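File shown: run37.json. Contents: JSON, C-alpha atoms.
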[["chain", "number", "residue", "atom", "x", "y", "z"],
["A", 1, "MET", "CA", 6.74, -78.89, 51.54],
["A", 2, "LYS", "CA", 5.49, -75.77, 49.68],
["A", 3, "LYS", "CA", 7.42, -74.58, 46.73],
["A", 4, "GLY", "CA", 7.42, -70.86, 45.83],
["A", 5, "PHE", "CA", 7.52, -69.32, 42.39],
["A", 6, "THR", "CA", 10.85, -69.19, 40.68],
["A", 7, "LEU", "CA", 12.19, -65.87, 39.34],
["A", 8, "LEU", "CA", 11.61, -67.11, 35.82],
["A", 9, "GLU", "CA", 7.95, -67.87, 36.60],
["A", 10, "VAL", "CA", 7.44, -64.42, 38.14],
["A", 11, "ILE", "CA", 8.98, -62.71, 35.10],
["A", 12, "ALA", "CA", 6.86, -64.82, 32.77],
["A", 13, "THR", "CA", 3.70, -63.88, 34.70],
["A", 14, "ILE", "CA", 4.56, -60.17, 34.54],
["A", 15, "ILE", "CA", 5.15, -60.42, 30.80],
["A", 16, "VAL", "CA", 1.81, -62.18, 30.26],
["A", 17, "LEU", "CA", -0.05, -59.60, 32.35],
["A", 18, "SER", "CA", 1.68, -56.79, 30.46],
["A", 19, "ILE", "CA", 0.64, -58.28, 27.14],
["A", 20, "ILE", "CA", -2.95, -58.63, 28.35],
["A", 21, "GLY", "CA", -2.87, -54.99, 29.50],
["A", 22, "VAL", "CA", -1.53, -53.80, 26.15],
["A", 23, "ILE", "CA", -4.29, -55.71, 24.35],
["A", 24, "THR", "CA", -7.20, -54.78, 26.61],
["A", 25, "PHE", "CA", -6.40, -51.12, 27.39],
["A", 26, "PRO", "CA", -7.30, -49.77, 23.91],
["A", 27, "ILE", "CA", -10.53, -51.79, 24.02],
["A", 28, "VAL", "CA", -11.50, -50.49, 27.46],
["A", 29, "ASN", "CA", -10.48, -46.94, 26.52],
["A", 30, "SER", "CA", -12.51, -47.13, 23.32],
["A", 31, "THR", "CA", -15.53, -48.46, 25.22],
["A", 32, "ILE", "CA", -15.35, -45.62, 27.74],
["A", 33, "LYS", "CA", -15.02, -43.05, 24.94],
["A", 34, "ASN", "CA", -17.97, -44.54, 23.04],
["A", 35, "ASN", "CA", -20.12, -44.55, 26.18],
["A", 36, "LYS", "CA", -19.30, -40.87, 26.80],
["A", 37, "GLU", "CA", -20.15, -40.08, 23.19],
["A", 38, "ARG", "CA", -23.53, -41.80, 23.51],
["A", 39, "LEU", "CA", -24.25, -39.95, 26.76],
["A", 40, "TYR", "CA", -23.22, -36.69, 25.06],
["A", 41, "GLU", "CA", -25.64, -37.31, 22.20],
["A", 42, "GLN", "CA", -28.38, -38.12, 24.69],
["A", 43, "GLN", "CA", -27.63, -34.87, 26.53],
["A", 44, "VAL", "CA", -28.00, -32.90, 23.29],
["A", 45, "LYS", "CA", -31.33, -34.62, 22.64],
["A", 46, "THR", "CA", -32.41, -33.74, 26.18],
["A", 47, "ILE", "CA", -31.70, -30.07, 25.49],
["A", 48, "GLU", "CA", -33.49, -30.28, 22.13],
["A", 49, "LYS", "CA", -36.53, -31.82, 23.82],
["A", 50, "ALA", "CA", -36.48, -29.11, 26.49],
["A", 51, "ALA", "CA", -36.27, -26.44, 23.77],
["A", 52, "SER", "CA", -39.24, -28.03, 22.00],
["A", 53, "ASP", "CA", -41.27, -28.00, 25.23],
["A", 54, "TRP", "CA", -40.24, -24.39, 25.77],
["A", 55, "GLY", "CA", -41.54, -23.57, 22.30],
["A", 56, "TYR", "CA", -44.99, -24.91, 23.11],
["A", 57, "ASP", "CA", -45.19, -22.50, 26.03],
["A", 58, "ASN", "CA", -43.78, -19.54, 24.06],
["A", 59, "ILE", "CA", -45.43, -19.76, 20.66],
["A", 60, "ASP", "CA", -45.42, -15.96, 20.39],
["A", 61, "LEU", "CA", -41.60, -15.93, 20.47],
["A", 62, "LEU", "CA", -41.04, -18.62, 17.85],
["A", 63, "PRO", "CA", -39.85, -17.70, 14.33],
["A", 64, "ALA", "CA", -41.90, -17.40, 11.16],
["A", 65, "ILE", "CA", -41.15, -19.34, 7.97],
["A", 66, "ASP", "CA", -37.51, -19.02, 6.82],
["A", 67, "GLU", "CA", -36.66, -17.06, 9.95],
["A", 68, "SER", "CA", -34.88, -18.07, 13.14],
["A", 69, "VAL", "CA", -34.52, -17.13, 16.79],
["A", 70, "THR", "CA", -31.88, -18.02, 19.36],
["A", 71, "ILE", "CA", -32.53, -19.04, 22.95],
["A", 72, "THR", "CA", -30.11, -20.27, 25.61],
["A", 73, "VAL", "CA", -29.83, -23.09, 28.12],
["A", 74, "LEU", "CA", -30.55, -20.43, 30.75],
["A", 75, "ASP", "CA", -34.03, -19.88, 29.28],
["A", 76, "LEU", "CA", -34.72, -23.61, 29.60],
["A", 77, "LYS", "CA", -33.48, -23.66, 33.19],
["A", 78, "LYS", "CA", -35.71, -20.71, 34.10],
["A", 79, "ALA", "CA", -38.66, -22.64, 32.71],
["A", 80, "GLY", "CA", -37.76, -25.64, 34.86],
["A", 81, "LEU", "CA", -37.11, -27.78, 31.78],
["A", 82, "LEU", "CA", -33.44, -28.55, 32.50],
["A", 83, "ASP", "CA", -31.47, -29.50, 35.59],
["A", 84, "ILE", "CA", -29.51, -26.47, 36.83],
["A", 85, "ASN", "CA", -26.47, -28.74, 37.27],
["A", 86, "LEU", "CA", -26.58, -30.15, 33.74],
["A", 87, "ARG", "CA", -23.12, -31.43, 32.79],
["A", 88, "ASN", "CA", -21.24, -32.32, 29.65],
["A", 89, "PRO", "CA", -20.62, -36.11, 29.79],
["A", 90, "LYS", "CA", -17.37, -35.73, 27.86],
["A", 91, "THR", "CA", -15.77, -33.25, 30.27],
["A", 92, "ASN", "CA", -18.00, -33.57, 33.35],
["A", 93, "GLU", "CA", -18.12, -29.75, 33.39],
["A", 94, "LEU", "CA", -21.29, -27.74, 33.78],
["A", 95, "ILE", "CA", -22.96, -26.87, 30.50],
["A", 96, "PRO", "CA", -22.74, -23.05, 30.32],
["A", 97, "ASN", "CA", -25.91, -21.02, 30.75],
["A", 98, "ASP", "CA", -25.25, -19.13, 27.52],
["A", 99, "THR", "CA", -25.10, -22.30, 25.39],
["A", 100, "GLN", "CA", -27.24, -21.41, 22.39],
["A", 101, "ILE", "CA", -30.12, -23.19, 20.68],
["A", 102, "LEU", "CA", -31.07, -21.98, 17.21],
["A", 103, "ILE", "CA", -34.76, -22.47, 16.38],
["A", 104, "LEU", "CA", -35.88, -22.47, 12.74],
["A", 105, "LEU", "CA", -39.18, -23.07, 10.99],
["A", 106, "GLN", "CA", -38.55, -25.27, 7.97],
["A", 107, "ASN", "CA", -41.19, -27.10, 5.94],
["A", 108, "ASN", "CA", -43.80, -26.15, 8.54],
["A", 109, "LYS", "CA", -41.76, -27.87, 11.25],
["A", 110, "TYR", "CA", -39.66, -26.34, 14.00],
["A", 111, "VAL", "CA", -36.04, -27.46, 14.07],
["A", 112, "PHE", "CA", -33.92, -27.11, 17.22],
["A", 113, "ASN", "CA", -30.14, -26.97, 16.73],
["A", 114, "VAL", "CA", -28.03, -27.05, 19.90],
["A", 115, "ASN", "CA", -24.57, -25.50, 19.61],
["A", 116, "MET", "CA", -22.67, -27.14, 22.46],
["A", 117, "GLU", "CA", -19.52, -25.17, 21.57],
["A", 118, "SER", "CA", -21.18, -21.78, 21.96],
["A", 119, "GLY", "CA", -21.19, -21.48, 25.75],
["A", 120, "THR", "CA", -18.68, -19.26, 27.53],
["A", 121, "ASN", "CA", -20.06, -18.66, 31.03],
["A", 122, "ILE", "CA", -19.55, -21.75, 33.20],
["A", 123, "TYR", "CA", -21.44, -20.32, 36.17],
["A", 124, "ASN", "CA", -24.90, -21.68, 36.84],
["A", 125, "ASP", "CA", -26.23, -18.77, 38.89],
["A", 126, "PHE", "CA", -29.49, -17.25, 37.68],
["A", 127, "ASN", "CA", -32.62, -15.68, 39.04],
["A", 128, "ILE", "CA", -35.91, -17.32, 38.19],
["A", 129, "ASN", "CA", -37.59, -13.90, 38.06],
["A", 130, "SER", "CA", -35.29, -12.41, 35.41],
["A", 131, "PRO", "CA", -37.02, -11.81, 32.04],
["A", 132, "ILE", "CA", -36.75, -14.03, 28.97],
["A", 133, "LEU", "CA", -34.65, -12.48, 26.21],
["A", 134, "ILE", "CA", -34.12, -14.18, 22.86],
["A", 135, "LEU", "CA", -32.42, -13.12, 19.64],
["A", 136, "ASN", "CA", -34.13, -12.69, 16.32],
["A", 137, "GLY", "CA", -31.89, -14.62, 13.97],
["A", 138, "SER", "CA", -28.59, -16.33, 14.65],
["A", 139, "PRO", "CA", -26.12, -15.52, 17.45],
["A", 140, "ILE", "CA", -23.48, -15.06, 14.75],
["A", 141, "GLU", "CA", -24.38, -12.97, 11.72],
["A", 142, "TYR", "CA", -22.13, -12.49, 8.69],
["A", 143, "VAL", "CA", -22.46, -9.15, 6.97],
["A", 144, "GLU", "CA", -21.10, -8.37, 3.53],
["A", 145, "TYR", "CA", -18.43, -5.69, 3.35],
["A", 146, "GLY", "CA", -19.82, -2.30, 2.36],
["A", 147, "SER", "CA", -23.47, -3.35, 2.71],
["A", 148, "THR", "CA", -26.03, -1.76, 5.00],
["A", 149, "TYR", "CA", -26.28, -3.49, 8.37],
["A", 150, "THR", "CA", -29.87, -4.22, 9.37],
["A", 151, "GLU", "CA", -30.50, -4.69, 13.06],
["A", 152, "LEU", "CA", -32.41, -7.95, 13.70],
["A", 153, "GLY", "CA", -33.29, -7.09, 17.27],
["A", 154, "ALA", "CA", -34.59, -9.33, 20.03],
["A", 155, "LYS", "CA", -37.79, -10.24, 21.85],
["A", 156, "ALA", "CA", -38.46, -10.24, 25.58],
["A", 157, "LYS", "CA", -41.14, -11.00, 28.09],
["A", 158, "GLY", "CA", -41.29, -11.03, 31.86],
["A", 159, "LYS", "CA", -41.80, -13.79, 34.37],
["A", 160, "THR", "CA", -45.55, -13.23, 34.33],
["A", 161, "GLY", "CA", -45.71, -13.43, 30.53],
["A", 162, "ASN", "CA", -45.89, -9.68, 29.94],
["A", 163, "THR", "CA", -44.28, -8.44, 26.73],
["A", 164, "ILE", "CA", -41.28, -6.14, 27.23],
["A", 165, "ASN", "CA", -40.67, -3.76, 24.34],
["A", 166, "ASN", "CA", -37.95, -1.62, 25.89],
["A", 167, "ILE", "CA", -34.78, -3.51, 24.93],
["A", 168, "ASP", "CA", -31.46, -1.65, 25.17],
["A", 169, "ILE", "CA", -29.05, -2.34, 22.30],
["A", 170, "THR", "CA", -25.38, -1.36, 22.43],
["A", 171, "TYR", "CA", -22.63, -1.98, 19.90],
["A", 172, "GLN", "CA", -19.12, -2.90, 20.96],
["A", 173, "TYR", "CA", -15.73, -3.43, 19.40],
["A", 174, "ASN", "CA", -12.91, -4.93, 21.47],
["A", 175, "GLY", "CA", -14.95, -4.36, 24.61],
["A", 176, "SER", "CA", -15.49, -0.64, 24.00],
["A", 177, "GLN", "CA", -18.87, 0.83, 23.14],
["A", 178, "ILE", "CA", -19.22, 2.34, 19.67],
["A", 179, "ALA", "CA", -21.97, 4.30, 17.94],
["A", 180, "SER", "CA", -22.71, 1.89, 15.10],
["A", 181, "ILE", "CA", -21.41, -1.02, 13.05],
["A", 182, "ASP", "CA", -19.11, 0.09, 10.24],
["A", 183, "THR", "CA", -19.34, -2.42, 7.39],
["A", 184, "ARG", "CA", -16.40, -0.72, 5.67],
["A", 185, "GLN", "CA", -14.11, -2.25, 8.27],
["A", 186, "PHE", "CA", -13.18, -5.91, 8.30],
["A", 187, "LYS", "CA", -13.90, -6.30, 12.00],
["A", 188, "THR", "CA", -15.84, -8.51, 14.40],
["A", 189, "TYR", "CA", -18.37, -6.62, 16.50],
["A", 190, "THR", "CA", -20.45, -7.54, 19.53],
["A", 191, "ILE", "CA", -24.03, -6.44, 20.07],
["A", 192, "VAL", "CA", -25.35, -6.52, 23.63],
["A", 193, "TYR", "CA", -29.10, -6.70, 24.18],
["A", 194, "SER", "CA", -30.29, -5.90, 27.70],
["A", 195, "VAL", "CA", -33.75, -5.87, 29.25],
["A", 196, "ARG", "CA", -35.20, -5.22, 32.70],
["A", 197, "ASP", "CA", -38.41, -6.17, 34.43],
["A", 198, "THR", "CA", -39.82, -5.07, 37.77],
["A", 199, "ILE", "CA", -41.59, -7.51, 40.07],
["A", 200, "GLU", "CA", -42.94, -6.22, 43.40],
["A", 201, "GLY", "CA", -40.53, -3.30, 43.31],
["A", 202, "GLN", "CA", -37.50, -5.49, 42.59],
["A", 203, "VAL", "CA", -35.65, -5.00, 39.29],
["A", 204, "TYR", "CA", -34.47, -8.09, 37.41],
["A", 205, "ALA", "CA", -32.20, -7.92, 34.35],
["A", 206, "THR", "CA", -31.18, -10.19, 31.49],
["A", 207, "SER", "CA", -28.69, -9.69, 28.66],
["A", 208, "ILE", "CA", -27.66, -11.64, 25.58],
["A", 209, "THR", "CA", -25.04, -11.01, 22.89],
["A", 210, "ARG", "CA", -24.71, -11.38, 19.16],
["A", 211, "THR", "CA", -21.49, -11.47, 17.13],
["A", 212, "ILE", "CA", -21.32, -9.58, 13.83],
["A", 213, "VAL", "CA", -18.56, -10.58, 11.41],
["A", 214, "ILE", "CA", -17.83, -8.31, 8.45],
["A", 215, "ARG", "CA", -16.57, -10.36, 5.54],
["A", 216, "ASP", "CA", -16.11, -10.15, 1.78],
["A", 217, "THR", "CA", -17.56, -12.93, -0.38],
["A", 218, "GLN", "CA", -18.10, -10.93, -3.57],
["A", 219, "ALA", "CA", -15.74, -11.52, -6.46],
["A", 220, "PRO", "CA", -14.35, -8.57, -8.46],
["A", 221, "ILE", "CA", -16.26, -7.40, -11.53],
["A", 222, "LEU", "CA", -14.00, -8.05, -14.53],
["A", 223, "THR", "CA", -14.63, -6.64, -17.98],
["A", 224, "ILE", "CA", -12.52, -7.65, -20.98],
["A", 225, "PRO", "CA", -12.68, -6.73, -24.70],
["A", 226, "ASP", "CA", -14.19, -9.02, -27.30],
["A", 227, "GLN", "CA", -12.05, -11.34, -29.38],
["A", 228, "ALA", "CA", -9.36, -9.76, -31.54],
["A", 229, "THR", "CA", -7.29, -10.55, -34.62],
["A", 230, "ILE", "CA", -3.56, -9.77, -34.71],
["A", 231, "ALA", "CA", -0.60, -10.70, -36.87],
["A", 232, "LEU", "CA", 1.99, -13.20, -35.70],
["A", 233, "SER", "CA", 4.56, -10.40, -35.68],
["A", 234, "GLN", "CA", 2.44, -8.44, -33.19],
["A", 235, "ILE", "CA", 2.46, -11.07, -30.40],
["A", 236, "GLY", "CA", 5.52, -9.55, -28.72],
["A", 237, "THR", "CA", 3.95, -6.10, -28.54],
["A", 238, "PHE", "CA", 0.32, -7.09, -28.01],
["A", 239, "ASN", "CA", -1.24, -5.13, -25.12],
["A", 240, "TYR", "CA", -3.18, -7.76, -23.20],
["A", 241, "ARG", "CA", -4.63, -5.24, -20.74],
["A", 242, "GLU", "CA", -5.93, -2.62, -23.14],
["A", 243, "GLY", "CA", -9.66, -2.20, -22.51],
["A", 244, "VAL", "CA", -9.59, -4.38, -19.38],
["A", 245, "THR", "CA", -11.31, -2.98, -16.28],
["A", 246, "VAL", "CA", -11.84, -4.43, -12.83],
["A", 247, "THR", "CA", -13.72, -3.12, -9.80],
["A", 248, "ASP", "CA", -14.38, -4.58, -6.38],
["A", 249, "ASN", "CA", -16.77, -3.81, -3.51],
["A", 250, "SER", "CA", -13.76, -3.35, -1.21],
["A", 251, "SER", "CA", -12.42, -0.51, -3.41],
["A", 252, "GLU", "CA", -8.95, -2.07, -3.27],
["A", 253, "ASN", "CA", -6.60, -2.15, -6.25],
["A", 254, "ILE", "CA", -7.05, -5.49, -8.00],
["A", 255, "ASN", "CA", -4.33, -7.03, -10.14],
["A", 256, "VAL", "CA", -5.34, -8.91, -13.26],
["A", 257, "ASP", "CA", -3.32, -11.95, -14.30],
["A", 258, "VAL", "CA", -3.43, -13.06, -17.92],
["A", 259, "THR", "CA", -2.02, -16.06, -19.76],
["A", 260, "ASN", "CA", 0.33, -15.35, -22.69],
["A", 261, "LEU", "CA", -0.17, -16.09, -26.34],
["A", 262, "GLU", "CA", 1.88, -18.82, -27.96],
["A", 263, "ASN", "CA", 4.13, -17.91, -30.85],
["A", 264, "LYS", "CA", 1.99, -19.58, -33.52],
["A", 265, "THR", "CA", -0.91, -18.83, -35.81],
["A", 266, "GLY", "CA", -4.50, -19.84, -35.28],
["A", 267, "LYS", "CA", -7.18, -19.19, -32.71],
["A", 268, "GLN", "CA", -5.85, -19.02, -29.17],
["A", 269, "VAL", "CA", -7.66, -18.66, -25.86],
["A", 270, "ILE", "CA", -6.17, -16.49, -23.13],
["A", 271, "THR", "CA", -7.54, -16.27, -19.60],
["A", 272, "TYR", "CA", -7.87, -13.16, -17.45],
["A", 273, "THR", "CA", -8.12, -13.68, -13.67],
["A", 274, "ALA", "CA", -8.80, -11.02, -11.04],
["A", 275, "CYS", "CA", -8.64, -11.86, -7.31],
["A", 276, "ASP", "CA", -9.16, -9.64, -4.30],
["A", 277, "SER", "CA", -7.29, -9.97, -1.00],
["A", 278, "HIS", "CA", -9.95, -12.35, 0.35],
["A", 279, "ASN", "CA", -9.45, -14.86, -2.46],
["A", 280, "ASN", "CA", -12.65, -14.01, -4.29],
["A", 281, "CYS", "CA", -11.79, -14.47, -7.95],
["A", 282, "THR", "CA", -13.31, -13.87, -11.37],
["A", 283, "SER", "CA", -11.95, -15.49, -14.54],
["A", 284, "LYS", "CA", -12.88, -14.78, -18.15],
["A", 285, "LYS", "CA", -11.62, -16.16, -21.45],
["A", 286, "ARG", "CA", -10.85, -14.24, -24.63],
["A", 287, "ILE", "CA", -10.22, -15.52, -28.15],
["A", 288, "ILE", "CA", -7.30, -14.06, -30.08],
["A", 289, "ASN", "CA", -6.98, -15.00, -33.75],
["A", 290, "VAL", "CA", -3.31, -14.92, -34.76],
["A", 291, "THR", "CA", -2.66, -14.65, -38.52],
["A", 292, "GLU", "CA", 0.48, -14.65, -40.68]]

Represent the supplied structure as structure tokens.
Amino acid sequence: MKKGFTLLEVIATIIVLSIIGVITFPIVNSTIKNNKERLYEQQVKTIEKAASDWGYDNIDLLPAIDESVTITVLDLKKAGLLDINLRNPKTNELIPNDTQILILLQNNKYVFNVNMESGTNIYNDFNINSPILILNGSPIEYVEYGSTYTELGAKAKGKTGNTINNIDITYQYNGSQIASIDTRQFKTYTIVYSVRDTIEGQVYATSITRTIVIRDTQAPILTIPDQATIALSQIGTFNYREGVTVTDNSSENINVDVTNLENKTGKQVITYTACDSHNNCTSKKRIINVTE
């Protein structure tokens, strides 16, 4: 006669299986995550290798010493160096065509840096006949407030290897075209580079963008008087700010903070600190000799 499981045995089995699940799930989940991470790193290396192969075929477009250029995954696809359906192992989504690769020449060796976070266009459509267009420099350039913006430009060549010198450059702010980049405005601008090539009467176009960020990294210029000697009775009326000047490249009004003297004789050190609105600060110390 067969005997079935008792309710107690069923409950005990469920509890044991639950405990095993609690123990093994983090391990399995961690293994899956680690495998995806390894595949992701391999994918980056694949793109780097493709960029290196691209460089061998486009020596004329590569940067000089201490310079850089930026190409995209699209350029590597056009050259047949990457699968058009290349995917991100972490998300299983297509790697965007405008994913950027920064190429630098350092110590007589080309370095290829893939920025997997740079892509925005998830569509994989492209025309093999459209021209190659790469940026001189980085896709994001930081320009100091009030300085003169220097256009880095781009390079282009057609499907047949012909050099294209006619590159259209337009400046934009918030999607609207503007005449130039104003470095006296703390804004983020977009530069659009566009190029066309004609093959057998058919026009093919390519465009690429650069982001320009105006920022302030210069600290205020602070000038303070030399050390001074005052009497103890003068501490209460001592003018800390007499002879103090401060200027800043942003032309904003800068406040100067200063530590107070102690009510005692002897040499004392006070500190002047000037900070602009972007937390660039300058501090200087001054000796005050307090006598009876």

Leaving out Ser251 of chain A and any residue of its chain fewer than 5 positions from it, which residues lie within 10 Å of it when counting only C-alpha atoms, given as a list in words? Gly146, Arg184, Pro220 and Asp276 of chain A

List the neighbours of Thr99 of chain A out to 7 Å using all atoms listed in the file; skip same-chain residues closer than 6 positions along the sequence, and give me the result as an NGL selection string. :A and (72-73 or 115-116 or 118-119)

Quick one: residues within 12 Å of (-34.8, -13.1, 16.3) (file frame), counting all atoms listed in the file, please, as JSON, numbers by chain. {"A": [60, 61, 62, 63, 64, 66, 67, 68, 69, 70, 71, 101, 102, 103, 104, 133, 134, 135, 136, 137, 138, 139, 140, 141, 151, 152, 153, 154, 155, 156, 193, 208, 209, 210]}

Polymer residues at most 12 Å from Ile199 of chain A, all atoms listed in the file, same-chain spacing of 5 or more positions, as a VMD selection string: chain A and resid 128 to 131 158 to 162 204 to 205

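Between atom CA of Ile254 of chain A and atom CA of Ile181 of chain A the separation is 25.9 Å.
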
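A straight line drawn from atom CA of Ile20 of chain A to atom CA of Lys36 of chain A is 24.2 Å long.
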
Spatial sel., origin (8.8, -18.0, -36.3), limit 12 Å, all atoms listed in the file, listed as a ChimeraX atom specification: /A:231-236,262-265,292

Rounded to one decimal in Å, what is the spacing between atom CA of Val143 of chain A and atom CA of Gln100 of chain A? 20.3 Å

Shell of 12 Å around Glu252 of chain A, only C-alpha atoms, local chain residues under 3 positions omitted, as a ChimeraX atom specification: /A:184,216,220,246-249,255,274-278

Within 9 Å of Asn166 of chain A, counting all atoms listed in the file, which residues show up once you throw out same-chain ones fewer than 6 positions away? Write them as a compact mmCIF listing (two decimals) with C-alpha atoms, in the frame of the given file, please.
# COMPACT_ATOMS: atom_id res chain seq x y z
CA ALA A 156 -38.46 -10.24 25.58
CA SER A 194 -30.29 -5.90 27.70
CA VAL A 195 -33.75 -5.87 29.25
CA ARG A 196 -35.20 -5.22 32.70

Pick from A:Ser250, A:Thr229, A:Thr170, A:Gln218 nearest to Phe186 of chain A, counting only C-alpha atoms: A:Ser250

My list of candidates is A:Leu94, A:Asp257, A:Tyr110, A:Thr223. Which is closest to Gln43 of chain A when distances are computed with only C-alpha atoms?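 Once distances to Gln43 of chain A are computed over only C-alpha atoms, the minimum belongs to A:Leu94.
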